[in-house]
Each structure stands twice: as structure tokens, then as C-alpha cells.
Amino acid sequence: MKKSPVRPLAELSPLKPARFQILLAISQGALHGFAIRETVERRTDGRVKLWPANLYGSIKDLTEMELLEALSEDEQPDDDQRRQYYRLTQRGREL
């Protein structure tokens with residue numbers, strides 16, 4: 001499958017609210033999906049709810065836009081190897 005070209009940052013703004021909140025949630029450090037969900041709901045006083053399909057679909061899209069990336073196995077915290085942690089890329093910080 002051919003990878004789509006990465007769009008310029010100027011074309012990505014404004015982001016959908018869920019995507020924006022995900023980027024805000026991980027702006028202070030890497031988090032796994034459930035922690036992202038909890039952080040977003042707490043930050044928005046429950047106004048933005050990230051159900052699994054929305055959360056992981058948004059994470060996939062943000063990864064394809066090169067705004068966030070998954071930590072490699074050796075970078076993962078030791079607390080639970082089943083969880084995948086994500087962090088902002090430089091491009092994500094710029095946006």
C-alpha cells in the first residue's frame with residue numbers, strides 16, 4: 001500500500017477537537033491510550049469523551065500525519081508491557 005504524502009502543517013489546522021485534545025494530553029510526556037483518554041476527559045471536564053474507536057482511530061491518523069509516534073519496545077516504561085505509549089514528534093510540537 002502506497003503511503004500518502006505528509007500534508008504541510010498549515011493544511012492541518014484547525015484539528016478536530018478530539019485530535020487536538022490528544023496532542024495536548026501528550027504534550028507533557030508519553031502516555032498510553034487509556035491515560036490519554038483519562039487526561040482528555042479530566043482536562044475538558046468530561047466535554048470531550050474519547051471512546052476506543054475514536055481514540056485509536058485518531059491516534060492512527062495523528063501517527064500517519066507524523067504528529068505523534070509510538071515509543072519503541074526499549075523505550076516503553078516497565079509498568080505494563082501490554083500498553084503502547086505515544087509521544088509528540090517535533091512536527092506535532094510545531095503544530
# chains A, B, ... in the order shown; residues from 1 in each chain; ligands from 1
>>> select_by_dssp(residues="chain A", states="strand (DSSP E)", output="count of residues only")
9
>>> residues_around(residues="region 2-19 of chain A", least_positions_apart="4", cutoff="10 Å", atoms="only C-alpha atoms", output="list in words")
Leu23, Leu24, Ala25, Arg37, Val40, Val48, Lys49, Leu50, Asn54, Leu55, Gly57, Ser58, Ile59, Asp61, Leu62, Glu64, Met65, Glu66, Leu67, Arg91, Gly92, Glu94 and Leu95 of chain A
>>> write_last_selection(atoms="N, CA, C and O atoms", output="PDB file, in the first residue's frame")
ATOM      1  N   LEU A  23      -3.266  15.595  21.329  1.00  0.00           N
ATOM      2  CA  LEU A  23      -1.945  16.232  21.260  1.00  0.00           C
ATOM      3  C   LEU A  23      -1.650  17.004  22.545  1.00  0.00           C
ATOM      4  O   LEU A  23      -0.523  16.947  23.062  1.00  0.00           O
ATOM      5  N   LEU A  24      -2.632  17.714  23.059  1.00  0.00           N
ATOM      6  CA  LEU A  24      -2.442  18.430  24.330  1.00  0.00           C
ATOM      7  C   LEU A  24      -2.124  17.459  25.464  1.00  0.00           C
ATOM      8  O   LEU A  24      -1.265  17.729  26.300  1.00  0.00           O
ATOM      9  N   ALA A  25      -2.825  16.332  25.492  1.00  0.00           N
ATOM     10  CA  ALA A  25      -2.641  15.362  26.577  1.00  0.00           C
ATOM     11  C   ALA A  25      -1.219  14.823  26.618  1.00  0.00           C
ATOM     12  O   ALA A  25      -0.658  14.634  27.696  1.00  0.00           O
ATOM     13  N   ARG A  37      -6.991   9.016  27.238  1.00  0.00           N
ATOM     14  CA  ARG A  37      -8.441   9.156  27.397  1.00  0.00           C
ATOM     15  C   ARG A  37      -8.793   9.826  28.724  1.00  0.00           C
ATOM     16  O   ARG A  37      -9.580  10.775  28.763  1.00  0.00           O
ATOM     17  N   VAL A  40      -7.704  13.597  28.750  1.00  0.00           N
ATOM     18  CA  VAL A  40      -8.589  14.442  27.939  1.00  0.00           C
ATOM     19  C   VAL A  40      -9.908  14.674  28.666  1.00  0.00           C
ATOM     20  O   VAL A  40     -10.387  15.821  28.747  1.00  0.00           O
ATOM     21  N   VAL A  48     -15.217  16.345  26.270  1.00  0.00           N
ATOM     22  CA  VAL A  48     -14.681  15.538  25.171  1.00  0.00           C
ATOM     23  C   VAL A  48     -14.478  14.126  25.713  1.00  0.00           C
ATOM     24  O   VAL A  48     -13.702  13.911  26.625  1.00  0.00           O
ATOM     25  N   LYS A  49     -15.248  13.196  25.151  1.00  0.00           N
ATOM     26  CA  LYS A  49     -15.133  11.789  25.543  1.00  0.00           C
ATOM     27  C   LYS A  49     -14.503  11.035  24.373  1.00  0.00           C
ATOM     28  O   LYS A  49     -14.945  11.174  23.233  1.00  0.00           O
ATOM     29  N   LEU A  50     -13.493  10.281  24.677  1.00  0.00           N
ATOM     30  CA  LEU A  50     -12.805   9.508  23.652  1.00  0.00           C
ATOM     31  C   LEU A  50     -13.128   8.031  23.838  1.00  0.00           C
ATOM     32  O   LEU A  50     -12.526   7.351  24.657  1.00  0.00           O
ATOM     33  N   ASN A  54     -12.865   6.024  18.511  1.00  0.00           N
ATOM     34  CA  ASN A  54     -12.467   7.404  18.229  1.00  0.00           C
ATOM     35  C   ASN A  54     -11.025   7.642  18.665  1.00  0.00           C
ATOM     36  O   ASN A  54     -10.232   8.240  17.933  1.00  0.00           O
ATOM     37  N   LEU A  55     -10.673   7.170  19.857  1.00  0.00           N
ATOM     38  CA  LEU A  55      -9.326   7.366  20.387  1.00  0.00           C
ATOM     39  C   LEU A  55      -8.276   6.726  19.490  1.00  0.00           C
ATOM     40  O   LEU A  55      -7.346   7.393  19.033  1.00  0.00           O
ATOM     41  N   GLY A  57      -8.581   5.450  16.450  1.00  0.00           N
ATOM     42  CA  GLY A  57      -8.643   5.957  15.078  1.00  0.00           C
ATOM     43  C   GLY A  57      -7.916   7.288  14.966  1.00  0.00           C
ATOM     44  O   GLY A  57      -7.171   7.526  14.010  1.00  0.00           O
ATOM     45  N   SER A  58      -8.102   8.148  15.970  1.00  0.00           N
ATOM     46  CA  SER A  58      -7.409   9.448  15.982  1.00  0.00           C
ATOM     47  C   SER A  58      -5.905   9.263  16.154  1.00  0.00           C
ATOM     48  O   SER A  58      -5.109   9.950  15.494  1.00  0.00           O
ATOM     49  N   ILE A  59      -5.502   8.333  17.022  1.00  0.00           N
ATOM     50  CA  ILE A  59      -4.076   8.060  17.207  1.00  0.00           C
ATOM     51  C   ILE A  59      -3.467   7.578  15.892  1.00  0.00           C
ATOM     52  O   ILE A  59      -2.380   8.022  15.503  1.00  0.00           O
ATOM     53  N   ASP A  61      -4.547   8.225  12.838  1.00  0.00           N
ATOM     54  CA  ASP A  61      -4.490   9.368  11.919  1.00  0.00           C
ATOM     55  C   ASP A  61      -3.353  10.320  12.281  1.00  0.00           C
ATOM     56  O   ASP A  61      -2.624  10.790  11.403  1.00  0.00           O
ATOM     57  N   LEU A  62      -3.201  10.618  13.578  1.00  0.00           N
ATOM     58  CA  LEU A  62      -2.137  11.526  14.020  1.00  0.00           C
ATOM     59  C   LEU A  62      -0.758  10.936  13.745  1.00  0.00           C
ATOM     60  O   LEU A  62       0.188  11.665  13.435  1.00  0.00           O
ATOM     61  N   GLU A  64      -0.101   8.858  11.209  1.00  0.00           N
ATOM     62  CA  GLU A  64       0.071   8.983   9.752  1.00  0.00           C
ATOM     63  C   GLU A  64       0.405  10.412   9.350  1.00  0.00           C
ATOM     64  O   GLU A  64       1.110  10.632   8.371  1.00  0.00           O
ATOM     65  N   MET A  65      -0.089  11.392  10.102  1.00  0.00           N
ATOM     66  CA  MET A  65       0.228  12.806   9.835  1.00  0.00           C
ATOM     67  C   MET A  65       1.606  13.176  10.383  1.00  0.00           C
ATOM     68  O   MET A  65       2.042  14.307  10.242  1.00  0.00           O
ATOM     69  N   GLU A  66       2.250  12.205  11.037  1.00  0.00           N
ATOM     70  CA  GLU A  66       3.565  12.384  11.654  1.00  0.00           C
ATOM     71  C   GLU A  66       3.552  13.427  12.773  1.00  0.00           C
ATOM     72  O   GLU A  66       4.511  14.165  12.971  1.00  0.00           O
ATOM     73  N   LEU A  67       2.434  13.475  13.510  1.00  0.00           N
ATOM     74  CA  LEU A  67       2.309  14.392  14.636  1.00  0.00           C
ATOM     75  C   LEU A  67       2.602  13.695  15.959  1.00  0.00           C
ATOM     76  O   LEU A  67       2.956  14.342  16.941  1.00  0.00           O
ATOM     77  N   ARG A  91       7.274  17.643  14.686  1.00  0.00           N
ATOM     78  CA  ARG A  91       6.205  18.201  13.838  1.00  0.00           C
ATOM     79  C   ARG A  91       4.940  18.438  14.661  1.00  0.00           C
ATOM     80  O   ARG A  91       4.263  19.446  14.512  1.00  0.00           O
ATOM     81  N   GLY A  92       4.621  17.501  15.552  1.00  0.00           N
ATOM     82  CA  GLY A  92       3.463  17.651  16.426  1.00  0.00           C
ATOM     83  C   GLY A  92       3.617  18.832  17.360  1.00  0.00           C
ATOM     84  O   GLY A  92       2.678  19.575  17.622  1.00  0.00           O
ATOM     85  N   GLU A  94       5.424  21.497  16.756  1.00  0.00           N
ATOM     86  CA  GLU A  94       5.329  22.706  15.942  1.00  0.00           C
ATOM     87  C   GLU A  94       3.876  23.079  15.678  1.00  0.00           C
ATOM     88  O   GLU A  94       3.522  24.250  15.690  1.00  0.00           O
ATOM     89  N   LEU A  95       3.034  22.080  15.437  1.00  0.00           N
ATOM     90  CA  LEU A  95       1.622  22.369  15.176  1.00  0.00           C
ATOM     91  C   LEU A  95       0.964  22.932  16.420  1.00  0.00           C
ATOM     92  O   LEU A  95       0.246  23.881  16.391  1.00  0.00           O
TER      93      LEU A  95
END
>>> closest_residue(among="A:Trp51, A:Thr39, A:Gln21, A:Leu71", to="Arg83 (chain A)", atoms="only C-alpha atoms")
A:Leu71
>>> atom_distance(atom1="CA of Asp45 (chain A)", atom2="CA of Tyr85 (chain A)")
23.4 Å
>>> residues_around(residues="Ala70 (chain A)", least_positions_apart="2", cutoff="12 Å", atoms="only C-alpha atoms", output="PyMOL selection string")
chain A and resi 26+30-33+59-60+62-64+66-68+72-76+83-89
>>> closest_residue(among="A:Pro52, A:Pro77, A:Arg82, A:Gly46", to="Gly29 (chain A)", atoms="only C-alpha atoms")
A:Pro77
